[in-house]
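Trainee: Below you'll find work-v1.pdb; it's PDB, C-alpha atoms.
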```pdb
MODEL        1
ATOM      1  CA  MET A 290      -5.467 -18.569 -10.628  1.00  0.00           C
ATOM      2  CA  GLU A 291      -1.923 -18.039 -11.958  1.00  0.00           C
ATOM      3  CA  PHE A 292      -3.267 -17.856 -15.534  1.00  0.00           C
ATOM      4  CA  HIS A 293      -5.680 -15.063 -14.586  1.00  0.00           C
ATOM      5  CA  ILE A 294      -2.960 -13.160 -12.749  1.00  0.00           C
ATOM      6  CA  LEU A 295      -0.679 -13.286 -15.792  1.00  0.00           C
ATOM      7  CA  ASN A 296      -3.496 -12.187 -18.118  1.00  0.00           C
ATOM      8  CA  MET A 297      -4.367  -9.275 -15.864  1.00  0.00           C
ATOM      9  CA  LYS A 298      -0.718  -8.252 -15.484  1.00  0.00           C
ATOM     10  CA  SER A 299      -0.238  -8.338 -19.251  1.00  0.00           C
ATOM     11  CA  ALA A 300      -3.395  -6.301 -19.913  1.00  0.00           C
ATOM     12  CA  LEU A 301      -2.384  -3.648 -17.380  1.00  0.00           C
ATOM     13  CA  GLN A 302       1.188  -3.346 -18.616  1.00  0.00           C
ATOM     14  CA  ASN A 303       0.407  -3.297 -22.342  1.00  0.00           C
ATOM     15  CA  ARG A 304      -1.650  -0.140 -22.477  1.00  0.00           C
ATOM     16  CA  PRO A 305      -0.990   3.586 -22.464  1.00  0.00           C
ATOM     17  CA  LEU A 306      -1.083   5.036 -18.960  1.00  0.00           C
ATOM     18  CA  LYS A 307      -2.842   8.358 -18.352  1.00  0.00           C
ATOM     19  CA  LYS A 308      -0.942  10.525 -15.901  1.00  0.00           C
ATOM     20  CA  VAL A 309      -2.245  13.655 -14.193  1.00  0.00           C
ATOM     21  CA  GLN A 310       0.179  16.540 -13.730  1.00  0.00           C
ATOM     22  CA  ALA A 311      -0.188  17.945 -10.224  1.00  0.00           C
ATOM     23  CA  PRO A 312       2.177  19.499  -7.675  1.00  0.00           C
ATOM     24  CA  LYS A 313       1.386  16.777  -5.120  1.00  0.00           C
ATOM     25  CA  ARG A 314       1.061  13.019  -5.527  1.00  0.00           C
ATOM     26  CA  ALA A 315      -0.504  10.200  -3.577  1.00  0.00           C
ATOM     27  CA  ALA A 316      -0.749   6.467  -4.155  1.00  0.00           C
ATOM     28  CA  VAL A 317      -3.189   3.769  -3.110  1.00  0.00           C
ATOM     29  CA  CYS A 318      -3.095  -0.006  -2.988  1.00  0.00           C
ATOM     30  CA  ALA A 319      -5.883  -2.101  -4.495  1.00  0.00           C
ATOM     31  CA  LEU A 320      -5.050  -5.465  -2.910  1.00  0.00           C
ATOM     32  CA  LEU A 321      -6.834  -8.431  -4.479  1.00  0.00           C
ATOM     33  CA  SER A 322      -7.126 -11.721  -2.627  1.00  0.00           C
ATOM     34  CA  PHE A 323      -7.353 -14.764  -4.867  1.00  0.00           C
ATOM     35  CA  THR A 324      -8.765 -16.990  -2.133  1.00  0.00           C
ATOM     36  CA  LYS A 325     -12.430 -17.701  -2.794  1.00  0.00           C
ATOM     37  CA  PRO A 326     -14.435 -15.624  -2.660  1.00  0.00           C
ATOM     38  CA  TYR A 327     -12.037 -13.395  -4.592  1.00  0.00           C
ATOM     39  CA  SER A 328     -12.105  -9.987  -2.951  1.00  0.00           C
ATOM     40  CA  LEU A 329     -10.703  -6.459  -2.688  1.00  0.00           C
ATOM     41  CA  LEU A 330      -9.281  -5.021   0.534  1.00  0.00           C
ATOM     42  CA  MET A 331     -11.000  -1.801   1.557  1.00  0.00           C
ATOM     43  CA  ILE A 332     -10.781   0.459   4.570  1.00  0.00           C
ATOM     44  CA  LYS A 333     -13.080   2.910   6.263  1.00  0.00           C
ATOM     45  CA  ARG A 334     -10.957   5.951   6.957  1.00  0.00           C
ATOM     46  CA  ALA A 335     -10.785   7.286  10.503  1.00  0.00           C
ATOM     47  CA  GLU A 336     -12.702  10.473  11.277  1.00  0.00           C
ATOM     48  CA  HIS A 337     -10.459  13.541  11.132  1.00  0.00           C
ATOM     49  CA  PRO A 338     -11.648  17.149  10.645  1.00  0.00           C
ATOM     50  CA  LEU A 339      -8.787  18.075   8.286  1.00  0.00           C
ATOM     51  CA  ASP A 340      -9.187  15.044   6.008  1.00  0.00           C
ATOM     52  CA  PRO A 341     -11.447  15.700   2.981  1.00  0.00           C
ATOM     53  CA  TRP A 342     -12.152  11.938   2.817  1.00  0.00           C
ATOM     54  CA  SER A 343     -12.714  11.496   6.557  1.00  0.00           C
ATOM     55  CA  GLY A 344     -14.896   8.465   7.319  1.00  0.00           C
ATOM     56  CA  HIS A 345     -15.095   7.401   3.672  1.00  0.00           C
ATOM     57  CA  MET A 346     -14.597   3.894   2.347  1.00  0.00           C
ATOM     58  CA  GLY A 347     -11.367   3.761   0.393  1.00  0.00           C
ATOM     59  CA  LEU A 348      -8.195   1.923  -0.509  1.00  0.00           C
ATOM     60  CA  PRO A 349      -5.146   2.037   1.754  1.00  0.00           C
ATOM     61  CA  GLY A 350      -2.700   4.723   0.748  1.00  0.00           C
ATOM     62  CA  GLY A 351      -1.694   8.317   1.117  1.00  0.00           C
ATOM     63  CA  ARG A 352       0.612  11.113   0.087  1.00  0.00           C
ATOM     64  CA  CYS A 353       3.984  10.506  -1.478  1.00  0.00           C
ATOM     65  CA  GLU A 354       7.016  11.785   0.399  1.00  0.00           C
ATOM     66  CA  PRO A 355       9.511  13.979  -1.506  1.00  0.00           C
ATOM     67  CA  GLU A 356      11.773  11.843  -3.717  1.00  0.00           C
ATOM     68  CA  GLU A 357       9.558   8.766  -3.115  1.00  0.00           C
ATOM     69  CA  SER A 358       8.109   6.868  -6.072  1.00  0.00           C
ATOM     70  CA  ASP A 359       4.365   6.351  -6.328  1.00  0.00           C
ATOM     71  CA  LEU A 360       4.829   2.599  -5.885  1.00  0.00           C
ATOM     72  CA  ASP A 361       7.027   3.023  -2.816  1.00  0.00           C
ATOM     73  CA  ALA A 362       4.394   5.339  -1.306  1.00  0.00           C
ATOM     74  CA  ALA A 363       1.616   2.768  -1.875  1.00  0.00           C
ATOM     75  CA  ILE A 364       3.712   0.078  -0.162  1.00  0.00           C
ATOM     76  CA  ARG A 365       4.762   2.349   2.729  1.00  0.00           C
ATOM     77  CA  GLU A 366       1.263   3.696   3.354  1.00  0.00           C
ATOM     78  CA  SER A 367      -0.252   0.173   3.325  1.00  0.00           C
ATOM     79  CA  GLN A 368       2.314  -0.856   5.918  1.00  0.00           C
ATOM     80  CA  GLU A 369       1.698   2.215   8.088  1.00  0.00           C
ATOM     81  CA  GLU A 370      -2.090   2.000   7.925  1.00  0.00           C
ATOM     82  CA  LEU A 371      -2.573  -1.775   8.070  1.00  0.00           C
ATOM     83  CA  GLY A 372       0.737  -3.435   8.903  1.00  0.00           C
ATOM     84  CA  LEU A 373       0.839  -5.052   5.444  1.00  0.00           C
ATOM     85  CA  GLU A 374       4.217  -6.244   4.190  1.00  0.00           C
ATOM     86  CA  LEU A 375       3.664  -5.907   0.442  1.00  0.00           C
ATOM     87  CA  LYS A 376       6.398  -6.587  -2.073  1.00  0.00           C
ATOM     88  CA  LYS A 377       6.960  -5.159  -5.520  1.00  0.00           C
ATOM     89  CA  THR A 378       6.686  -8.708  -6.896  1.00  0.00           C
ATOM     90  CA  GLN A 379       2.995  -8.656  -5.880  1.00  0.00           C
ATOM     91  CA  VAL A 380       2.214  -5.747  -8.212  1.00  0.00           C
ATOM     92  CA  LEU A 381       0.018  -6.621 -11.175  1.00  0.00           C
ATOM     93  CA  GLY A 382       0.163  -3.103 -12.562  1.00  0.00           C
ATOM     94  CA  ARG A 383      -1.342   0.292 -12.066  1.00  0.00           C
ATOM     95  CA  LEU A 384      -4.405   2.159 -13.146  1.00  0.00           C
ATOM     96  CA  ASP A 385      -4.572   5.627 -14.652  1.00  0.00           C
ATOM     97  CA  ASP A 386      -3.879   8.545 -12.326  1.00  0.00           C
ATOM     98  CA  VAL A 387      -6.971  10.060 -10.735  1.00  0.00           C
ATOM     99  CA  GLN A 388      -7.346  13.780 -10.128  1.00  0.00           C
ATOM    100  CA  ALA A 389      -8.045  14.328  -6.421  1.00  0.00           C
ATOM    101  CA  VAL A 390     -11.352  15.983  -5.576  1.00  0.00           C
ATOM    102  CA  GLY A 391     -12.719  16.746  -2.127  1.00  0.00           C
ATOM    103  CA  HIS A 392     -15.905  18.514  -1.067  1.00  0.00           C
ATOM    104  CA  GLY A 393     -16.698  19.292  -4.689  1.00  0.00           C
ATOM    105  CA  ARG A 394     -13.424  21.015  -5.483  1.00  0.00           C
ATOM    106  CA  VAL A 395     -10.299  19.937  -7.329  1.00  0.00           C
ATOM    107  CA  ILE A 396      -7.344  19.336  -5.035  1.00  0.00           C
ATOM    108  CA  PRO A 397      -3.892  19.865  -6.619  1.00  0.00           C
ATOM    109  CA  MET A 398      -2.973  16.200  -6.233  1.00  0.00           C
ATOM    110  CA  ALA A 399      -2.816  13.168  -8.517  1.00  0.00           C
ATOM    111  CA  ILE A 400      -3.527   9.713  -7.084  1.00  0.00           C
ATOM    112  CA  ALA A 401      -1.771   6.654  -8.538  1.00  0.00           C
ATOM    113  CA  PRO A 402      -3.695   3.387  -7.898  1.00  0.00           C
ATOM    114  CA  PHE A 403      -1.576   0.209  -7.863  1.00  0.00           C
ATOM    115  CA  ILE A 404      -3.026  -3.288  -8.053  1.00  0.00           C
ATOM    116  CA  PHE A 405      -1.422  -5.894  -5.814  1.00  0.00           C
ATOM    117  CA  TYR A 406      -2.400  -9.515  -5.350  1.00  0.00           C
ATOM    118  CA  CYS A 407      -2.087 -12.124  -2.641  1.00  0.00           C
ATOM    119  CA  LYS A 408      -3.206 -15.722  -2.446  1.00  0.00           C
ATOM    120  CA  ASP A 409      -4.714 -15.513   1.042  1.00  0.00           C
ATOM    121  CA  GLN A 410      -6.166 -12.570   2.893  1.00  0.00           C
ATOM    122  CA  PRO A 411      -3.257 -11.317   5.016  1.00  0.00           C
ATOM    123  CA  ARG A 412      -3.723 -10.348   8.636  1.00  0.00           C
ATOM    124  CA  THR A 413      -4.096  -6.613   9.086  1.00  0.00           C
ATOM    125  CA  ILE A 414      -3.266  -4.441  12.074  1.00  0.00           C
ATOM    126  CA  PRO A 415      -5.136  -1.174  11.452  1.00  0.00           C
ATOM    127  CA  ASP A 416      -3.681   2.037  12.865  1.00  0.00           C
ATOM    128  CA  PRO A 417      -6.743   3.557  14.620  1.00  0.00           C
ATOM    129  CA  ARG A 418      -5.508   7.082  13.856  1.00  0.00           C
ATOM    130  CA  GLU A 419      -5.944   6.342  10.141  1.00  0.00           C
ATOM    131  CA  VAL A 420      -8.255   3.343   9.760  1.00  0.00           C
ATOM    132  CA  GLN A 421     -11.572   2.771  11.471  1.00  0.00           C
ATOM    133  CA  GLU A 422     -12.419  -0.552   9.801  1.00  0.00           C
ATOM    134  CA  VAL A 423     -11.005  -3.140   7.366  1.00  0.00           C
ATOM    135  CA  LEU A 424     -13.226  -5.079   4.954  1.00  0.00           C
ATOM    136  CA  TRP A 425     -12.747  -7.604   2.171  1.00  0.00           C
ATOM    137  CA  VAL A 426     -15.375  -6.825  -0.478  1.00  0.00           C
ATOM    138  CA  PRO A 427     -16.147  -9.762  -2.798  1.00  0.00           C
ATOM    139  CA  LEU A 428     -15.282  -9.069  -6.439  1.00  0.00           C
ATOM    140  CA  ASP A 429     -18.554 -10.757  -7.487  1.00  0.00           C
ATOM    141  CA  PHE A 430     -20.412  -8.033  -5.575  1.00  0.00           C
ATOM    142  CA  LEU A 431     -18.445  -5.282  -7.331  1.00  0.00           C
ATOM    143  CA  ARG A 432     -18.885  -6.915 -10.760  1.00  0.00           C
ATOM    144  CA  ASP A 433     -22.668  -7.214 -10.357  1.00  0.00           C
ATOM    145  CA  ASP A 434     -24.197  -4.130 -11.995  1.00  0.00           C
ATOM    146  CA  GLY A 435     -27.338  -4.909  -9.996  1.00  0.00           C
ATOM    147  CA  GLN A 436     -25.378  -3.720  -6.947  1.00  0.00           C
ATOM    148  CA  LEU A 437     -24.870  -0.245  -8.409  1.00  0.00           C
ATOM    149  CA  SER A 438     -26.751   2.450  -6.572  1.00  0.00           C
ATOM    150  CA  THR A 439     -26.721   6.223  -6.228  1.00  0.00           C
ATOM    151  CA  THR A 440     -26.171   8.595  -3.363  1.00  0.00           C
ATOM    152  CA  PRO A 441     -27.447  12.168  -3.070  1.00  0.00           C
ATOM    153  CA  TYR A 442     -24.765  14.844  -3.160  1.00  0.00           C
ATOM    154  CA  THR A 443     -25.211  18.597  -2.767  1.00  0.00           C
ATOM    155  CA  PHE A 444     -22.633  21.097  -3.959  1.00  0.00           C
ATOM    156  CA  LYS A 445     -23.264  24.846  -4.114  1.00  0.00           C
ATOM    157  CA  ASN A 446     -26.959  24.210  -3.399  1.00  0.00           C
ATOM    158  CA  ILE A 447     -27.279  21.925  -6.421  1.00  0.00           C
ATOM    159  CA  GLU A 448     -28.413  18.394  -5.670  1.00  0.00           C
ATOM    160  CA  ARG A 449     -27.449  15.467  -7.820  1.00  0.00           C
ATOM    161  CA  GLU A 450     -27.182  11.698  -7.603  1.00  0.00           C
ATOM    162  CA  LEU A 451     -23.707  10.154  -7.761  1.00  0.00           C
ATOM    163  CA  PRO A 452     -23.024   6.473  -8.520  1.00  0.00           C
ATOM    164  CA  CYS A 453     -21.985   4.225  -5.661  1.00  0.00           C
ATOM    165  CA  TYR A 454     -22.042   0.756  -4.183  1.00  0.00           C
ATOM    166  CA  ILE A 455     -23.594   0.058  -0.825  1.00  0.00           C
ATOM    167  CA  TYR A 456     -21.861  -2.926   0.737  1.00  0.00           C
ATOM    168  CA  GLN A 457     -23.084  -4.040   4.163  1.00  0.00           C
ATOM    169  CA  GLU A 458     -24.502  -0.549   4.773  1.00  0.00           C
ATOM    170  CA  ARG A 459     -21.208   1.112   3.801  1.00  0.00           C
ATOM    171  CA  LYS A 460     -21.184   3.555   0.901  1.00  0.00           C
ATOM    172  CA  ILE A 461     -18.383   3.242  -1.669  1.00  0.00           C
ATOM    173  CA  TRP A 462     -18.440   6.297  -3.916  1.00  0.00           C
ATOM    174  CA  GLY A 463     -16.402   9.152  -5.352  1.00  0.00           C
ATOM    175  CA  LEU A 464     -12.738   8.592  -6.210  1.00  0.00           C
ATOM    176  CA  THR A 465     -12.741   5.042  -4.831  1.00  0.00           C
ATOM    177  CA  PHE A 466     -15.802   4.118  -6.895  1.00  0.00           C
ATOM    178  CA  ARG A 467     -14.081   5.443 -10.041  1.00  0.00           C
ATOM    179  CA  MET A 468     -10.903   3.457  -9.309  1.00  0.00           C
ATOM    180  CA  ILE A 469     -12.879   0.263  -8.712  1.00  0.00           C
ATOM    181  CA  ARG A 470     -14.819   0.680 -11.952  1.00  0.00           C
ATOM    182  CA  GLU A 471     -11.540   1.014 -13.862  1.00  0.00           C
ATOM    183  CA  LEU A 472     -10.044  -1.980 -12.006  1.00  0.00           C
ATOM    184  CA  LEU A 473     -13.024  -4.145 -13.023  1.00  0.00           C
ATOM    185  CA  LYS A 474     -12.164  -3.624 -16.720  1.00  0.00           C
ATOM    186  CA  TYR A 475      -8.971  -5.643 -16.206  1.00  0.00           C
ATOM    187  CA  LEU A 476     -10.343  -8.533 -14.176  1.00  0.00           C
ATOM    188  CA  PRO A 477     -10.589 -11.821 -16.104  1.00  0.00           C
TER     189      PRO A 477
ENDMDL
END
```
Before anything else, please render the file you have as structure tokens.
Mentor:
Amino acid sequence: MEFHILNMKSALQNRPLKKVQAPKRAAVCALLSFTKPYSLLMIKRAEHPLDPWSGHMGLPGGRCEPEESDLDAAIRESQEELGLELKKTQVLGRLDDVQAVGHGRVIPMAIAPFIFYCKDQPRTIPDPREVQEVLWVPLDFLRDDGQLSTTPYTFKNIERELPCYIYQERKIWGLTFRMIRELLKYLP
């Protein structure tokens, strides 16, 4: 396990990072558990009428506070949403910034995804105002291209099919799907 962690950390840190310029920033935590089956922590967001990602499957995280680094925001938000006590020493690296999009429109926000690791799956205490459900999705499921699916999406009366995963009847699509697909490039 340690060998794979070091390889992944090296691959993530020895590449150019694409950053998105936006007036607002957010950060998310992609927490990998290296207990078999290896898995990724995901949440189902609580329903909220003002949240463009209300009820979606996602990664823990949220908006950065003024003067707060992206990494500090990912750690703080994971603690607030799930009671996780993550440390900077658990960071393997980060993925490229993702331009925020909601309801088919660009939102003036960049999202910084950070990859953390843990040996065992830590206990979570979800805040019901923010998190409806916590799941550990096996990495073998996400790596299996046979698990790729599509979901219908209508924007301005135009229908199209967007790529997604469907894990235990839960749809993983949009920004989270894109982040996971990039994450998979760095897994050993």
Trainee: Could you tell me which residues the PyMOL selection byres ((chain A and resi 364) around 8) returns for this structure, as a PyMOL selection string?
Mentor: chain A and resi 318+350+360-363+365-368+374-376
Trainee: Take the residues just selected and output them with C-alpha atoms as a compact mmCIF listing (two decimals), in the coordinates of the input.
Mentor:
```txt
# COMPACT_ATOMS: atom_id res chain seq x y z
CA CYS A 318 -3.10 -0.01 -2.99
CA GLY A 350 -2.70 4.72 0.75
CA LEU A 360 4.83 2.60 -5.88
CA ASP A 361 7.03 3.02 -2.82
CA ALA A 362 4.39 5.34 -1.31
CA ALA A 363 1.62 2.77 -1.88
CA ARG A 365 4.76 2.35 2.73
CA GLU A 366 1.26 3.70 3.35
CA SER A 367 -0.25 0.17 3.32
CA GLN A 368 2.31 -0.86 5.92
CA GLU A 374 4.22 -6.24 4.19
CA LEU A 375 3.66 -5.91 0.44
CA LYS A 376 6.40 -6.59 -2.07
```
Trainee: Given the PyMOL selection byres ((chain A and resi 397-409) around 7) and the file above, list the residues it selects as a ChimeraX atom specification.
Mentor: /A:309-324,359,379-389,395-396,410-411
Trainee: To one decimal place, how far is CA of Leu306 in chain A from CA of Trp462 in chain A in Å?
Mentor: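 Computed distance, CA of Leu306 in chain A to CA of Trp462 in chain A, equals 23.0 Å.
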Trainee: Take the PyMOL selection byres ((chain A and resi 412) around 9), run it mentally on this structure, and tell me the resulting residues as a count of residues only.
Mentor: 7
Trainee: Mind giving me the straight-line distance from CA of Arg459 in chain A to CA of Met297 in chain A in Å, one decimal?
Mentor: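 Interatomic distance here is 27.9 Å.
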